[in-house]
Amino acid sequence: MSKPKKNKHGESKSSKLTRRTMLKMGAAAGAVTILGPTILTSRKSTVYAQGTVAEPVLCAPTPVPQSPPHTPFVDDLPIPTPAIPQFLSPAPTEAANIGGGEAARDPHQRWAEFTPAVTYQLELKAGTHQFHRDYLPSYIWGFNGKYPGPTILNAYGVPSLVRFKNSLPTSTTSFGTNTSTIHLHNGHTASESDGFAGDFFAPPLFKDNHYANAYAGIDDFGGFPKGDPREAQFTMWYHDHMMHETANNNYLGLNGVYLLYNDKCPPWEFSSPGSIRLPAYYGVTDIPLFLGFKRFCATDTVNGRTEMFQVVGGAAPATDKFTVNGKIQPKLSVRRRKYRFRLINSGVVLNWNFSLHGPDGVQKTMTVIASDGNLLRTPADVSATSTPNTIEVHVASRMDVVIDFSQFTTGQSVYLVENTQTPQFVSTPTPPDPAPGIPIGKVVMRFDVIGDTIIPDTPPIPATLTDLPPIPAQQPGGPFEWGFRFIPGQADGNNFRVSHSSIPEDNASHVATFLPFDPGRVDHVVLRGSTEEWIIRNDTLAGNWLHPVHIHLEEGRILERTICTVPSATGCNPANRAPVAMPPWEDGTNARRDVYPVPGQHRLKVRLAFRDFHGRYLIHCHNMNHEDAFMMVRWDVVESMAELRKRREEINAERIARGLTPLYRKEHLG
Amino acid sequence: MQRRKFFTNLASDKPERQVPAPVQGVPHVGSPGPAVFTNALLRTQDNKAVRFYDDLIRGKQVLINMMYATCEGACPIVTANLVKVYDSLKDRMGKDLFMYSITVKPEEDDPAALKNFAQMHRALRPGWTFLTGDPYDLETIRYRLFAMNHIAIDTNIYSHTSFLMIINDATNRWLHVDPQASLHTVLWNISLADPPKTREQILEENRKLQERIDKERKMFGYRMTL
């Protein structure tokens, strides 16, 4: 098959290598190995074989199994291991290194400006993970075969590059899809490294994602690190964004934590210039709580596994176990001081609603310091008397909280409680309540206060954590409105759709634009360096039907949240729109967000700036079953006014051709 | 004639499975088999009896959608798009790729109604089968193949008509796409369930994709398609 003619693409040496040299060169030479034609023809199966983890034997889809019982609070909370930087071979390049086995992509933007100083390799592969002491290991897909993946610890001003090597099995009995694309949620990342849903790649390719680790506003702000320091984000996560299959791949474990530090939030607690001195030692006083929902098949001692329940071909299943950092109901020993916990909802479909309870069952105080990885201007206490008195963490959303355990005495236990989902199944009969009025099934994890602190406590949380950048201005011509709708029982089957219109509260122009996600179709084009107001609206009548909407590339500021007091599936009469109070971690004057939870009949006004990078980005519902059911839209950032006008006119023309009103009016065309 | 031969084959089983006597419901290697698909006895638009797993799925690459003959919403558009998909892949259809349209309203859609619908949409083609059967069986198949694990969606018979399931039973690959997406996207998704490619094929496809990206960038200044 492979003739030496391939050599004109730059790998003339490879055919001269012997197998022995190849083996000596080891895994790093994989890319060269790929192209060694003589090797491939003779030893294809050996070279192609990936991993040794046996594929799972899934349990029957019906009846839906109840997960095996577990003993609460026996496993210690694991801390995801930090990723270790390593040199990459072949070295990363600006344009895709096709000859070396890299997936096709656009050249990296701002490559010379942000030459990667730290590089990592994370390998997507099958592995096993034990979710609880009482369970046998489960088959998972993870970065480096681990769940959660290694935590990447980076700093602003130090550009990084992560090589994602796809070594997923070429055939699997699990419900995963072995092509993947990885999104850093919500990095200020150039399109070609942003994990665009259509940019997936198959094994054995790799893909280099370039993270500038610069603040948004690179074009307008000089300094070091580049960009507007008020745009700093700290808690992020990376995850599979494979189009139509995101839920399955994430449920299998393709996700992990990515943290950034700067002088305001350095990875240490002692006094240093600019530091606001929050608890900061990773894994010691600054702990990610990576949250998941799972369900398991009956433990099978024959094949030595407790497999996660999956229905091949199905969406992510309904779940009955809560996991934190990959463990069911873990415990964590803490000392009497402040801790920072980074609550990360890794999905795949459910939202969390937390409160903290002492051994007496009484609700205790947590302080929210950041939402979606962005520091709040003013931190907010959440206690029995606050409004709201619980913290909602929607899919993909992050909430950083500080808990001061000095309010407890040594020997006491403290419980993190989930308030809205169906309580998890623990065992039969249900164990007694660990604290008065706290059912065991609602407890996510337990903190055991084991003594006074050894590392000195951090000072009180400052009253003001950060300045916020000014709220971006509205564009001429008025806002654009995105409709996120599920309409049960709609006879045309168009259930999960995003519509787009420039006529707010209009119905006709919305319904008519309902189209499924198509990575080749652009529904909106914006100019790099411009600001816009986007309205996110959900007209669903039935149930709550909350859509956690996520916008790539930029953080947004929520100006207003309203509800339609006279529910209407076809657009609200503006007279019936009533404002809804926003919690301090949502209000645009106090917070920046990248996940916008929109329940039925709600409407959010969001202001965004589009800076520094061009290319293809997404707005989608982050309920992963919904985004897989096509509730996602591509929008593009372009570089010049002429290009903006041209491409907006193209969208208008395409709409007119479909018999619709054009999206852009004269003012929108500049 | 070809079509007749095809259906006869289906109904009477392939020769190699006739001797010894065919065993029902044996899963293909790596496939969950009837445990997921069921092996329900269905009827085609020609009123031939077929076993869902044995005759239609086992070891094959298939495209499955749900429809009903009187549907005036998505179904006609979807069917029209599937005709385009069929045309683009007609060299494979009935050979290593099969298309099944299953009714969600078996009470209304008898084989004759399905045949009528197929004829109306120019969809009566070799390798494309319209199926009806016992409502309980079809409901089970709908749940097994299309479930969103959401009660409000799944209990609604219309909810699944905008999905095209792409299944390769031989490799246990399951994907789905909205058949109302562009033809290019639908074909691209179908290709993801094709039999596993060799390393050389993947690298060659990757190289071609890069060429296309470079070409688009040159022509338009940005990436227009995928």
# chains A, B, ... in the order shown; residues from 1 in each chain; ligands from 1
>>> residues_around(residues="B:Leu175", least_positions_apart="2", cutoff="8 Å", atoms="only C-alpha atoms", output="list in words")
Thr177, His244, Glu245 and Gly313 of chain A; Met165, Ile166, Ile167, Arg173, Val177, Asn189, Ile190, Leu192 and Ala193 of chain B
>>> write_last_selection(atoms="N, CA and C atoms", output="mmCIF file, in the first residue's frame")
data_model
loop_
_atom_site.group_PDB
_atom_site.id
_atom_site.type_symbol
_atom_site.label_atom_id
_atom_site.label_comp_id
_atom_site.auth_asym_id
_atom_site.auth_seq_id
_atom_site.Cartn_x
_atom_site.Cartn_y
_atom_site.Cartn_z
ATOM 1 N N THR A 177 -17.030 7.279 21.546
ATOM 2 C CA THR A 177 -16.641 7.446 20.150
ATOM 3 C C THR A 177 -15.176 7.849 20.140
ATOM 4 N N HIS A 244 -21.848 15.640 18.665
ATOM 5 C CA HIS A 244 -22.900 14.633 18.785
ATOM 6 C C HIS A 244 -22.567 13.543 19.807
ATOM 7 N N GLU A 245 -21.357 13.470 20.313
ATOM 8 C CA GLU A 245 -20.991 12.365 21.200
ATOM 9 C C GLU A 245 -20.329 12.867 22.484
ATOM 10 N N GLY A 313 -25.143 3.445 22.119
ATOM 11 C CA GLY A 313 -26.029 4.177 21.222
ATOM 12 C C GLY A 313 -26.900 5.168 21.941
ATOM 13 N N MET B 165 -29.825 7.513 13.153
ATOM 14 C CA MET B 165 -28.827 6.705 13.845
ATOM 15 C C MET B 165 -27.934 6.049 12.809
ATOM 16 N N ILE B 166 -26.636 6.079 13.069
ATOM 17 C CA ILE B 166 -25.664 5.479 12.162
ATOM 18 C C ILE B 166 -24.984 4.383 12.962
ATOM 19 N N ILE B 167 -25.228 3.140 12.604
ATOM 20 C CA ILE B 167 -24.738 2.032 13.418
ATOM 21 C C ILE B 167 -23.933 1.083 12.544
ATOM 22 N N ARG B 173 -19.995 0.511 16.377
ATOM 23 C CA ARG B 173 -19.916 1.968 16.360
ATOM 24 C C ARG B 173 -21.314 2.549 16.224
ATOM 25 N N VAL B 177 -26.822 11.708 13.638
ATOM 26 C CA VAL B 177 -26.736 13.023 13.029
ATOM 27 C C VAL B 177 -28.159 13.465 12.743
ATOM 28 N N ASN B 189 -20.654 12.249 8.835
ATOM 29 C CA ASN B 189 -20.974 11.477 10.041
ATOM 30 C C ASN B 189 -21.133 9.997 9.732
ATOM 31 N N ILE B 190 -21.748 9.705 8.563
ATOM 32 C CA ILE B 190 -21.903 8.297 8.188
ATOM 33 C C ILE B 190 -20.524 7.659 8.031
ATOM 34 N N LEU B 192 -17.950 8.212 9.597
ATOM 35 C CA LEU B 192 -17.299 7.930 10.885
ATOM 36 C C LEU B 192 -17.607 6.524 11.380
ATOM 37 N N ALA B 193 -18.689 5.944 10.877
ATOM 38 C CA ALA B 193 -19.032 4.579 11.299
ATOM 39 C C ALA B 193 -18.550 3.549 10.286
#
>>> residues_around(residues="B:Asp91", least_positions_apart="6", cutoff="12 Å", atoms="only C-alpha atoms", output="list in words")
Val85, Leu97, Phe98, Pro126 and Gly127 of chain B
>>> write_last_selection(atoms="N, CA and C atoms", output="compact mmCIF listing (two decimals), in the first residue's frame")
# COMPACT_ATOMS: atom_id res chain seq x y z
N VAL B 85 -28.91 11.52 0.43
CA VAL B 85 -27.86 10.70 1.03
C VAL B 85 -27.73 9.40 0.25
N LEU B 97 -24.08 -1.14 3.07
CA LEU B 97 -24.74 -0.06 3.81
C LEU B 97 -26.24 -0.20 3.57
N PHE B 98 -27.01 -0.12 4.65
CA PHE B 98 -28.46 -0.32 4.53
C PHE B 98 -29.19 0.81 5.25
N PRO B 126 -33.39 -0.26 -3.72
CA PRO B 126 -32.71 -1.40 -3.11
C PRO B 126 -31.84 -0.97 -1.94
N GLY B 127 -31.95 -1.66 -0.84
CA GLY B 127 -31.13 -1.33 0.31
C GLY B 127 -31.80 -0.36 1.26
>>> residues_around(residues="A:Asp523", least_positions_apart="5", cutoff="9 Å", atoms="only C-alpha atoms", output="list in words")
Ser499, His500, Val633, Arg634, Trp635, Asp636 and Ile651 of chain A
>>> residues_around(residues="A:Gly441", least_positions_apart="6", cutoff="7 Å", atoms="only C-alpha atoms", output="PyMOL selection string")
chain A and resi 423-426
>>> write_last_selection(atoms="N, CA and C atoms", output="PDB file, in the first residue's frame")
ATOM      1  N   PRO A 423     -31.861  11.929  45.683  1.00  0.00           N
ATOM      2  CA  PRO A 423     -30.729  11.476  46.504  1.00  0.00           C
ATOM      3  C   PRO A 423     -30.106  10.215  45.918  1.00  0.00           C
ATOM      4  N   GLN A 424     -28.788  10.084  46.094  1.00  0.00           N
ATOM      5  CA  GLN A 424     -28.135   8.912  45.541  1.00  0.00           C
ATOM      6  C   GLN A 424     -28.494   7.668  46.347  1.00  0.00           C
ATOM      7  N   PHE A 425     -28.360   6.516  45.660  1.00  0.00           N
ATOM      8  CA  PHE A 425     -28.610   5.247  46.334  1.00  0.00           C
ATOM      9  C   PHE A 425     -27.349   4.867  47.103  1.00  0.00           C
ATOM     10  N   VAL A 426     -27.479   4.588  48.384  1.00  0.00           N
ATOM     11  CA  VAL A 426     -26.321   4.219  49.191  1.00  0.00           C
ATOM     12  C   VAL A 426     -26.318   2.714  49.407  1.00  0.00           C
TER      13      VAL A 426
END
>>> atom_distance(atom1="atom CA of A:Ile328", atom2="atom CA of A:Pro72")
7.8 Å
>>> select_by_dssp(residues="stretch 381-482 of chain A", states="strand (DSSP E or B)", output="ChimeraX atom specification")
/A:381-382,391-393,398-404,413-418,435,438,443-452,480-482
>>> write_last_selection(atoms="C-alpha atoms", output="CSV table (one decimal), in the first residue's frame")
chain,number,residue,atom,x,y,z
A,381,ASP,CA,-21.7,34.3,52.0
A,382,VAL,CA,-24.0,31.4,51.6
A,391,ILE,CA,-25.2,27.4,45.5
A,392,GLU,CA,-26.3,26.2,42.2
A,393,VAL,CA,-23.5,24.8,40.0
A,398,ARG,CA,-17.5,26.4,38.3
A,399,MET,CA,-18.0,27.9,41.8
A,400,ASP,CA,-15.0,28.6,44.0
A,401,VAL,CA,-15.9,28.7,47.7
A,402,VAL,CA,-13.9,29.3,50.9
A,403,ILE,CA,-14.9,27.2,53.9
A,404,ASP,CA,-13.5,28.3,57.3
A,413,SER,CA,-17.7,16.2,60.8
A,414,VAL,CA,-19.1,18.6,58.2
A,415,TYR,CA,-21.3,17.6,55.3
A,416,LEU,CA,-21.5,18.9,51.8
A,417,VAL,CA,-25.2,18.4,50.8
A,418,GLU,CA,-26.9,18.3,47.4
A,435,ALA,CA,-26.6,14.4,61.0
A,438,ILE,CA,-29.6,15.2,56.6
A,443,VAL,CA,-24.5,13.9,51.2
A,444,VAL,CA,-21.9,14.4,48.5
A,445,MET,CA,-18.9,14.2,50.8
A,446,ARG,CA,-17.8,14.6,54.4
A,447,PHE,CA,-15.1,16.8,55.9
A,448,ASP,CA,-13.5,15.6,59.1
A,449,VAL,CA,-12.0,18.3,61.3
A,450,ILE,CA,-8.9,16.6,62.7
A,451,GLY,CA,-7.1,19.3,64.5
A,452,ASP,CA,-5.6,22.8,64.6
A,480,PHE,CA,-29.1,39.6,18.7
A,481,GLU,CA,-31.3,37.1,20.3
A,482,TRP,CA,-30.6,33.4,20.7
>>> residues_around(residues="B:Val78", least_positions_apart="3", cutoff="8 Å", atoms="only C-alpha atoms", output="PyMOL selection string")
chain B and resi 74-75+81-82+162+179-180
>>> write_last_selection(atoms="N, CA and C atoms", output="mmCIF file, in the first residue's frame")
data_model
loop_
_atom_site.group_PDB
_atom_site.id
_atom_site.type_symbol
_atom_site.label_atom_id
_atom_site.label_comp_id
_atom_site.auth_asym_id
_atom_site.auth_seq_id
_atom_site.Cartn_x
_atom_site.Cartn_y
_atom_site.Cartn_z
ATOM 1 N N ALA B 74 -41.192 17.211 10.115
ATOM 2 C CA ALA B 74 -39.836 16.958 9.668
ATOM 3 C C ALA B 74 -39.750 15.831 8.641
ATOM 4 N N CYS B 75 -40.678 14.839 8.734
ATOM 5 C CA CYS B 75 -40.487 13.606 7.950
ATOM 6 C C CYS B 75 -40.278 13.823 6.443
ATOM 7 N N ASN B 81 -34.048 14.489 2.265
ATOM 8 C CA ASN B 81 -32.602 14.541 2.480
ATOM 9 C C ASN B 81 -31.989 13.149 2.437
ATOM 10 N N LEU B 82 -32.727 12.179 2.964
ATOM 11 C CA LEU B 82 -32.204 10.813 2.931
ATOM 12 C C LEU B 82 -32.099 10.305 1.496
ATOM 13 N N SER B 162 -36.165 13.428 14.254
ATOM 14 C CA SER B 162 -35.111 14.223 13.618
ATOM 15 C C SER B 162 -33.736 13.626 13.869
ATOM 16 N N PRO B 179 -30.633 14.475 10.167
ATOM 17 C CA PRO B 179 -30.650 14.396 8.700
ATOM 18 C C PRO B 179 -31.009 15.721 8.041
ATOM 19 N N GLN B 180 -31.389 16.722 8.846
ATOM 20 C CA GLN B 180 -31.653 18.024 8.241
ATOM 21 C C GLN B 180 -30.399 18.877 8.140
#
>>> residues_around(residues="A:Tyr251", least_positions_apart="2", cutoff="7 Å", atoms="only C-alpha atoms", output="list in words")
Ala247, Asn248, Asn249, Gly253, Ala316 and Val348 of chain A
>>> write_last_selection(atoms="C-alpha atoms", output="CSV table (one decimal), in the first residue's frame")
chain,number,residue,atom,x,y,z
A,247,ALA,CA,-22.0,13.2,26.7
A,248,ASN,CA,-20.8,9.7,26.1
A,249,ASN,CA,-17.1,10.6,26.0
A,253,GLY,CA,-14.1,10.2,31.8
A,316,ALA,CA,-25.8,9.5,29.0
A,348,VAL,CA,-22.9,15.4,32.0
>>> select_by_dssp(residues="chain B", states="helix (DSSP H, G or I)", output="ChimeraX atom specification")
/B:2-12,15-18,34-37,52-57,74-88,111-120,135-146,151-154,157-160,183-192,199-220
